[in-house]
>>> print(open('entry.cif').read())   # mmCIF, C-alpha atoms
data_final
#
loop_
_atom_site.label_atom_id
_atom_site.label_comp_id
_atom_site.auth_asym_id
_atom_site.auth_seq_id
_atom_site.Cartn_x
_atom_site.Cartn_y
_atom_site.Cartn_z
CA MET U 10 -86.28 76.40 -39.32
CA LYS U 11 -83.09 77.94 -38.13
CA THR U 12 -83.21 75.98 -34.89
CA ARG U 13 -83.77 72.81 -36.82
CA HIS U 14 -80.83 73.52 -39.06
CA THR U 15 -78.57 74.12 -36.09
CA LEU U 16 -79.78 70.93 -34.46
CA CYS U 17 -79.02 68.93 -37.59
CA LEU U 18 -75.57 70.43 -37.75
CA GLY U 19 -75.01 69.57 -34.13
CA ILE U 20 -76.10 65.98 -34.59
CA SER U 21 -73.95 65.56 -37.70
CA ALA U 22 -70.96 66.98 -35.90
CA ALA U 23 -71.57 64.65 -32.97
CA LEU U 24 -71.76 61.63 -35.25
CA LEU U 25 -68.64 62.64 -37.09
CA SER U 26 -66.55 63.22 -34.05
CA GLY U 27 -67.70 59.94 -32.63
CA CYS U 28 -69.42 61.35 -29.60
CA ALA U 29 -72.97 60.39 -30.49
CA ASN U 30 -72.95 57.99 -27.61
CA LYS U 31 -71.07 60.17 -25.16
CA ASP U 32 -73.94 60.33 -22.78
CA MET U 33 -73.11 58.09 -19.84
CA TYR U 34 -70.18 60.13 -18.55
CA TYR U 35 -68.93 63.69 -18.27
CA TRP U 36 -65.74 63.56 -20.34
CA GLY U 37 -64.56 67.15 -20.14
CA SER U 38 -60.93 67.45 -21.16
CA TYR U 39 -59.87 63.94 -20.07
CA GLN U 40 -59.11 62.55 -23.54
CA ASP U 41 -57.47 65.75 -24.79
CA GLN U 42 -55.26 65.93 -21.70
CA ILE U 43 -54.00 62.40 -22.22
CA HIS U 44 -53.40 62.99 -25.91
CA GLY U 45 -51.74 66.35 -25.33
CA ALA U 46 -49.42 65.02 -22.64
CA TYR U 47 -48.17 62.36 -25.05
CA VAL U 48 -47.84 64.51 -28.17
CA THR U 49 -46.79 67.90 -26.79
CA PRO U 50 -45.65 67.19 -23.21
CA GLU U 51 -44.00 70.62 -22.95
CA LYS U 52 -47.46 72.20 -23.07
CA TYR U 53 -49.00 69.84 -20.53
CA SER U 54 -47.35 70.16 -17.17
CA ASN U 55 -48.64 67.90 -14.39
CA ASP U 56 -49.95 70.91 -12.52
CA SER U 57 -51.86 72.31 -15.49
CA GLN U 58 -53.42 68.89 -16.12
CA ILE U 59 -54.49 68.67 -12.48
CA ILE U 60 -56.14 72.08 -12.66
CA LYS U 61 -58.10 71.12 -15.80
CA LEU U 62 -59.17 67.73 -14.45
CA GLU U 63 -60.25 69.19 -11.10
CA ALA U 64 -62.33 71.74 -13.03
CA ASP U 65 -63.88 68.81 -14.93
CA VAL U 66 -64.87 67.18 -11.63
CA GLU U 67 -66.75 70.36 -10.70
CA LYS U 68 -68.44 70.50 -14.08
CA ALA U 69 -69.37 66.82 -13.89
CA ASN U 70 -70.98 67.40 -10.51
CA ALA U 71 -72.85 70.40 -11.85
CA ALA U 72 -74.04 68.33 -14.83
CA ASN U 73 -74.96 65.50 -12.45
CA LYS U 74 -72.94 62.99 -14.45
CA PRO U 75 -70.21 60.63 -13.28
CA VAL U 76 -66.63 61.09 -14.42
CA PRO U 77 -65.54 58.24 -16.71
CA PRO U 78 -63.57 55.09 -15.84
CA GLY U 79 -59.93 55.90 -15.17
CA PHE U 80 -60.51 59.58 -14.50
CA HIS U 81 -59.77 59.58 -10.76
CA ALA U 82 -56.89 57.16 -11.29
CA GLN U 83 -55.34 59.53 -13.83
CA LEU U 84 -55.79 62.44 -11.46
CA GLY U 85 -54.26 60.40 -8.63
CA TYR U 86 -51.31 59.53 -10.82
CA LEU U 87 -50.72 63.22 -11.60
CA TYR U 88 -50.87 64.08 -7.89
CA ALA U 89 -48.39 61.30 -7.15
CA LEU U 90 -46.02 62.73 -9.76
CA THR U 91 -46.16 66.13 -8.08
CA GLY U 92 -45.39 64.59 -4.68
CA LYS U 93 -48.88 65.00 -3.24
CA LYS U 94 -49.23 61.42 -2.11
CA ASP U 95 -52.09 62.02 0.31
CA ILE U 96 -54.31 63.45 -2.41
CA ALA U 97 -53.16 60.73 -4.80
CA GLN U 98 -54.31 58.15 -2.26
CA VAL U 99 -57.73 59.80 -2.04
CA GLN U 100 -58.10 59.78 -5.84
CA PHE U 101 -57.17 56.09 -6.11
CA GLU U 102 -59.74 55.36 -3.38
CA LEU U 103 -62.34 57.32 -5.33
CA GLU U 104 -61.61 55.33 -8.47
CA LYS U 105 -61.97 52.07 -6.56
CA GLU U 106 -65.19 53.19 -4.92
CA GLN U 107 -66.76 54.39 -8.17
CA TYR U 108 -65.46 51.43 -10.19
CA PRO U 109 -64.85 48.32 -8.08
CA GLU U 110 -63.49 46.61 -11.23
CA SER U 111 -60.36 48.70 -10.68
CA GLY U 112 -59.78 47.32 -7.16
CA THR U 113 -56.75 45.10 -7.80
CA TYR U 114 -54.92 47.79 -9.73
CA MET U 115 -55.83 50.65 -7.38
CA ASP U 116 -54.59 48.59 -4.41
CA LEU U 117 -51.29 48.16 -6.24
CA LEU U 118 -51.01 51.89 -7.01
CA MET U 119 -51.80 52.78 -3.39
CA GLN U 120 -49.22 50.30 -2.19
CA GLN U 121 -46.67 51.98 -4.47
CA LEU U 122 -47.35 55.30 -2.76
CA GLN U 123 -45.95 53.86 0.45
CA PRO U 124 -42.23 54.36 1.08
CA LYS U 125 -39.85 51.53 0.19
CA THR U 126 -42.13 49.70 -2.18
CA GLY U 127 -41.05 49.93 -5.75
CA ALA U 128 -42.66 48.62 -8.88
CA VAL U 129 -44.10 45.13 -8.84
CA GLN U 130 -41.69 42.49 -9.99
CA MET T 52 -64.15 31.13 -68.33
CA LYS T 53 -63.31 30.25 -64.77
CA ASN T 54 -61.77 33.66 -64.41
CA ILE T 55 -64.89 35.37 -65.64
CA ILE T 56 -67.06 33.48 -63.17
CA PHE T 57 -64.67 34.30 -60.41
CA ALA T 58 -64.69 37.96 -61.36
CA LEU T 59 -68.48 37.96 -61.48
CA LEU T 60 -68.67 36.32 -58.08
CA ALA T 61 -66.21 38.79 -56.65
CA ALA T 62 -68.17 41.68 -58.11
CA THR T 63 -71.43 40.34 -56.74
CA THR T 64 -69.90 39.90 -53.32
CA LEU T 65 -68.58 43.43 -53.40
CA LEU T 66 -71.87 44.85 -54.54
CA THR T 67 -73.98 43.05 -52.02
CA GLY T 68 -71.21 43.29 -49.43
CA CYS T 69 -73.07 44.54 -46.43
CA ALA T 70 -76.21 42.51 -46.99
CA THR T 71 -74.65 39.09 -47.35
CA LYS T 72 -71.54 39.35 -45.23
CA PRO T 73 -71.82 36.75 -42.50
CA ALA T 74 -72.16 38.33 -39.10
CA ALA T 75 -69.20 37.92 -36.80
CA ASP T 76 -69.57 35.20 -34.19
CA TYR T 77 -70.22 36.72 -30.78
CA THR T 78 -70.74 33.41 -28.92
CA ALA T 79 -67.42 33.44 -27.06
CA PHE T 80 -67.86 37.14 -26.28
CA ARG T 81 -71.28 36.51 -24.73
CA GLN T 82 -70.03 33.59 -22.69
CA SER T 83 -67.09 35.56 -21.36
CA HIS T 84 -69.19 38.69 -20.56
CA PRO T 85 -66.18 40.81 -19.56
CA LYS T 86 -66.78 43.75 -17.23
CA SER T 87 -63.37 45.37 -17.57
CA ILE T 88 -60.97 45.96 -20.45
CA LEU T 89 -57.25 46.58 -20.23
CA VAL T 90 -56.09 48.46 -23.33
CA LEU T 91 -52.44 47.83 -24.17
CA PRO T 92 -50.51 50.60 -25.97
CA PRO T 93 -51.05 49.97 -29.70
CA VAL T 94 -48.29 48.46 -31.81
CA ASN T 95 -47.38 51.02 -34.46
CA ASN T 96 -47.09 49.70 -38.00
CA SER T 97 -47.34 53.19 -39.50
CA THR T 98 -44.52 55.67 -39.99
CA ASP T 99 -45.89 58.37 -37.70
CA ILE T 100 -44.40 58.55 -34.22
CA HIS T 101 -47.65 59.87 -32.76
CA ALA T 102 -49.76 56.97 -34.03
CA SER T 103 -49.63 54.64 -31.05
CA TYR T 104 -50.31 57.14 -28.28
CA SER T 105 -52.80 59.16 -30.30
CA VAL T 106 -54.92 56.08 -30.93
CA LEU T 107 -54.39 54.94 -27.32
CA SER T 108 -55.85 58.21 -26.07
CA THR T 109 -58.98 57.85 -28.22
CA VAL T 110 -60.20 54.35 -27.31
CA THR T 111 -61.41 55.01 -23.76
CA VAL T 112 -64.47 57.00 -24.88
CA PRO T 113 -66.05 54.34 -27.11
CA LEU T 114 -65.15 51.51 -24.72
CA ALA T 115 -66.46 53.22 -21.59
CA GLU T 116 -69.60 54.45 -23.32
CA ALA T 117 -70.14 50.88 -24.50
CA GLY T 118 -70.43 49.94 -20.83
CA TYR T 119 -67.01 48.63 -19.81
CA TYR T 120 -64.61 49.61 -17.10
CA VAL T 121 -61.51 50.83 -18.93
CA PHE T 122 -58.23 50.96 -17.03
CA PRO T 123 -56.57 54.40 -17.13
CA VAL T 124 -54.49 54.09 -20.29
CA ALA T 125 -51.68 56.50 -19.39
CA VAL T 126 -51.27 55.16 -15.85
CA VAL T 127 -51.22 51.60 -17.17
CA GLU T 128 -48.52 52.50 -19.67
CA GLN T 129 -46.47 53.99 -16.83
CA THR T 130 -46.82 50.77 -14.82
CA PHE T 131 -45.36 48.85 -17.77
CA LYS T 132 -42.47 51.30 -18.00
CA GLU T 133 -41.71 50.91 -14.30
CA ASN T 134 -41.49 47.20 -14.94
CA GLY T 135 -38.97 47.62 -17.73
CA LEU T 136 -41.35 47.39 -20.68
CA GLN T 137 -40.74 50.48 -22.79
CA ASN T 138 -42.47 49.86 -26.09
CA PRO T 139 -45.84 48.51 -27.26
CA GLY T 140 -44.26 45.50 -28.97
CA ASP T 141 -42.68 44.28 -25.73
CA ILE T 142 -45.79 45.11 -23.70
CA SER T 143 -48.01 43.05 -26.01
CA GLN T 144 -45.85 39.99 -25.23
CA THR T 145 -46.71 40.11 -21.51
CA PRO T 146 -48.30 36.78 -20.47
CA LEU T 147 -52.01 37.03 -19.65
CA PRO T 148 -51.66 35.60 -16.11
CA LYS T 149 -49.25 38.44 -15.32
CA LEU T 150 -51.69 41.04 -16.66
CA GLN T 151 -54.46 39.51 -14.61
CA GLN T 152 -52.32 39.52 -11.49
CA ILE T 153 -51.33 43.18 -11.81
CA PHE T 154 -54.55 44.69 -13.11
CA GLY T 155 -57.27 42.19 -12.25
CA THR T 156 -58.79 42.66 -15.69
CA ASP T 157 -61.39 40.48 -17.39
CA ALA T 158 -60.28 41.17 -20.95
CA VAL T 159 -57.31 42.62 -22.80
CA LEU T 160 -57.53 44.73 -25.96
CA TYR T 161 -54.62 44.45 -28.39
CA ILE T 162 -54.47 47.18 -31.03
CA SER T 163 -52.24 47.82 -34.01
CA VAL T 164 -52.20 51.02 -36.01
CA GLU T 165 -51.77 50.18 -39.68
CA LYS T 166 -52.03 53.65 -41.21
CA TYR T 167 -51.72 57.02 -39.57
CA GLY T 168 -51.33 60.44 -41.12
CA SER T 169 -51.22 62.13 -44.46
CA VAL T 170 -51.73 60.30 -47.71
CA TYR T 171 -50.58 62.69 -50.41
CA GLN T 172 -52.62 62.85 -53.55
CA ILE T 173 -52.44 65.02 -56.64
CA ILE T 174 -54.68 67.83 -55.52
CA GLN T 175 -54.78 67.52 -51.79
CA SER T 176 -53.49 65.38 -48.98
CA ASN T 177 -55.84 63.33 -46.89
CA VAL T 178 -55.38 62.18 -43.35
CA VAL T 179 -56.09 58.49 -42.87
CA VAL T 180 -56.11 56.36 -39.72
CA THR T 181 -56.54 52.58 -39.91
CA ALA T 182 -56.46 50.35 -36.86
CA LYS T 183 -56.97 46.68 -36.06
CA ALA T 184 -57.89 45.26 -32.70
CA GLU T 185 -58.49 42.00 -30.88
CA LEU T 186 -60.21 41.46 -27.55
CA VAL T 187 -58.97 38.47 -25.56
CA ASP T 188 -60.35 36.85 -22.40
CA ALA T 189 -57.67 37.48 -19.74
CA ARG T 190 -58.32 34.19 -17.94
CA THR T 191 -58.68 31.74 -20.83
CA GLY T 192 -56.80 33.51 -23.62
CA ILE T 193 -59.76 32.89 -25.92
CA SER T 194 -60.26 35.49 -28.64
CA LEU T 195 -63.59 37.21 -28.06
CA TRP T 196 -63.69 39.68 -30.94
CA LYS T 197 -61.60 41.06 -33.79
CA GLY T 198 -62.13 44.16 -35.84
CA GLN T 199 -60.64 46.70 -38.20
CA ALA T 200 -61.67 50.24 -39.10
CA THR T 201 -60.54 53.19 -41.18
CA ALA T 202 -61.44 56.85 -41.19
CA SER T 203 -60.25 59.57 -43.52
CA SER T 204 -60.40 63.34 -43.73
CA ALA T 205 -61.51 62.91 -47.34
CA GLU T 206 -64.78 61.26 -46.38
CA GLY T 207 -67.76 63.04 -47.87
CA GLN T 208 -65.62 65.23 -50.10
CA ASN T 209 -65.84 62.86 -53.03
CA ASN T 210 -69.60 62.83 -53.29
CA GLY T 211 -70.12 66.51 -53.87
CA GLY T 212 -68.47 67.83 -50.76
CA GLY T 213 -71.40 67.20 -48.47
CA LEU T 214 -71.82 68.47 -44.99
CA ALA T 215 -69.84 65.56 -43.58
CA GLY T 216 -66.77 66.42 -45.60
CA ILE T 217 -66.95 70.09 -44.81
CA LEU T 218 -67.25 69.45 -41.10
CA VAL T 219 -64.45 66.91 -40.97
CA ALA T 220 -62.18 69.18 -42.99
CA ALA T 221 -62.91 72.06 -40.66
CA VAL T 222 -62.27 70.00 -37.55
CA VAL T 223 -59.04 68.65 -38.97
CA LYS T 224 -57.77 72.06 -40.00
CA GLN T 225 -58.52 73.42 -36.57
CA LEU T 226 -56.81 70.56 -34.76
CA ILE T 227 -53.72 70.53 -36.95
CA ASN T 228 -53.11 74.08 -35.85
CA SER T 229 -53.79 73.48 -32.20
CA VAL T 230 -52.12 70.14 -31.46
CA GLY T 231 -49.67 69.47 -34.28
CA ASP T 232 -51.11 65.98 -34.74
CA SER T 233 -53.47 65.91 -37.71
CA GLY T 234 -54.34 62.27 -37.13
CA TYR T 235 -55.94 62.82 -33.73
CA PRO T 236 -59.48 63.83 -34.84
CA ILE T 237 -59.44 61.08 -37.46
CA ALA T 238 -58.19 58.58 -34.87
CA GLN T 239 -61.25 59.42 -32.77
CA MET T 240 -63.49 58.48 -35.68
CA THR T 241 -61.51 55.30 -36.32
CA SER T 242 -61.68 54.21 -32.68
CA PHE T 243 -65.40 54.88 -32.53
CA ARG T 244 -66.05 52.88 -35.71
CA LEU T 245 -63.80 50.09 -34.60
CA LEU T 246 -65.18 49.60 -31.10
CA SER T 247 -68.60 51.14 -30.60
CA PRO T 248 -71.52 48.71 -30.30
CA THR T 249 -73.35 51.00 -32.74
CA SER T 250 -70.91 49.85 -35.46
CA PRO T 251 -72.03 46.75 -37.39
CA ASN T 252 -68.99 44.75 -36.28
CA GLY T 253 -68.21 46.57 -33.06
CA LEU T 254 -68.18 45.26 -29.50
CA LEU T 255 -71.24 44.09 -27.58
CA TYR T 256 -72.60 46.42 -24.94
CA GLY T 257 -70.94 45.93 -21.54
CA PRO T 258 -72.53 45.58 -18.09
CA ARG T 259 -72.38 49.29 -17.26
CA SER T 260 -74.50 50.23 -20.28
CA PRO T 261 -78.29 50.46 -20.02
CA LEU T 262 -78.27 48.63 -23.38
CA TYR T 263 -76.35 45.63 -21.99
CA GLY T 264 -77.83 42.39 -23.32
CA THR T 265 -79.91 44.10 -25.98
CA ASP T 266 -77.45 43.63 -28.85
CA LYS T 267 -78.93 42.25 -32.03
CA LYS T 268 -75.59 40.86 -33.14
#
>>> encode(input="entry.cif", output="C-alpha cells")
Amino acid sequence: MKTRHTLCLGISAALLSGCANKDMYYWGSYQDQIHGAYVTPEKYSNDSQIIKLEADVEKANAANKPVPPGFHAQLGYLYALTGKKDIAQVQFELEKEQYPESGTYMDLLMQQLQPKTGAVQ
Amino acid sequence: MKNIIFALLAATTLLTGCATKPAADYTAFRQSHPKSILVLPPVNNSTDIHASYSVLSTVTVPLAEAGYYVFPVAVVEQTFKENGLQNPGDISQTPLPKLQQIFGTDAVLYISVEKYGSVYQIIQSNVVVTAKAELVDARTGISLWKGQATASSAEGQNNGGGLAGILVAAVVKQLINSVGDSGYPIAQMTSFRLLSPTSPNGLLYGPRSPLYGTDKK
C-alpha cells in the first residue's frame, strides 16, 4: 500500500512537472543550467556549468541513455568561451555525430573556432 | 431573441467544448515531416523580464522528447547576437532563407509569451504562464502548426486543494526560493502542454520518436 502510494505520488509529480515523457534522453541539469545562466548569471560561471554538464555525461553513460539534442553543442560553446578551443571542437564533432541534423550549424561553429573568422555575415 | 439563441449556442459550445471542437489540421505538418526545429527566442508580451529566456529554456525537453532535433537554444541565441540581432523581436524578423543557410533547419518555431508571473488576487497570488507558438516550414514558409497554452500555480487548488495543487504549490515555493524566478516551474508545464504530442493540440511525433507516425490527430 505504501509503495503504491509513493508510486502514485511520483507519477503525479512527473505529470505535473511535464516530465512524463522524459524517457528518451538523460536530461540531467541541462535545462536548469540554461535557465540559471540567463536568470542569475552571477551564480552560473562557465566553469561551473562545464563541471555539471560533464558530470551529466558520466551519469548518462551510466544510465545507458543518450544526452539530448544540443547538449554537446552547449558544452562546446562553454568550452569555447573559456578558451579551450580544442575541447570545444571535439564537443561540436560529438553533436554532429550524434545528431547529423545539426551538421550545417556545427560546421559553422567549428569554422568560427578557427582564427580570423568572425561571425557569419 | 437572437441574443438568447446566440447565448444558448455559446453556452452549448462551451459546455461541449472538447468533444465538438474541430481537430486542428495536420495535413501540412505531415507533408513537411520536419526532422529538426530551430527555436527562436520568444517575443515577450508580458511585463516580466525573465519571461522570454525562462520559456526558451523550457521548450527543448518537450520538443526533443517528441522526436525532433532541437538546436541548442542558448548557442543559437548567441549566434544571433554575434550577427547584431540583440532582441527576440528583431530575431523573429530574420528571413527564412537566412535561417536555413546558417542552421540548416527544417522548421522554425516562433513563440510569444503572453503572460508570465504573479497574478495578484484577494487571498493569494497565483503564478501564470501563457504562451503562443507557431511552427513554420523553413523552406516553404508554410505554417505547419499553431498552438496556445496556459499553466497556473493555482491549478487544483480550486477544487478542494487536491494533490495536484499541493504538489504544484510546493514545487513553486521551493523554486521561488532557489532561483528567484517563480514562473520557471510553471513555464515548464506551459511548454509541455503547448508542444507535447500527448497534448490534444500539440505537435505530431517527430522522426526520432518510437511513436513517429502513430499520431491519431
>>> closest_residue(input="entry.cif", among="U:Leu62, U:Met119, U:Ala82, U:Ala97", to="chain T", atoms="only C-alpha atoms")
U:Ala82
>>> atom_distance(input="entry.cif", atom1="CA of Tyr108 (chain U)", atom2="CA of Ala117 (chain T)")
15.1 Å
>>> resolve_selection(input="entry.cif", expression="the PyMOL selection byres ((chain T) within 6 of (chain U))", output="NGL selection string")
:T and (105 or 108 or 120-123 or 133 or 154-155 or 240 or 243)
>>> residues_near_point(input="entry.cif", point="(-59.8, 35.4, -20.3)", cutoff="10 Å", atoms="all atoms listed in the file", output="MDAnalysis selection string")
chainID T and resid 83:85 147:148 151 156:159 186:195
>>> atom_distance(input="entry.cif", atom1="CA of Gln239 (chain T)", atom2="CA of Leu150 (chain T)")
26.2 Å
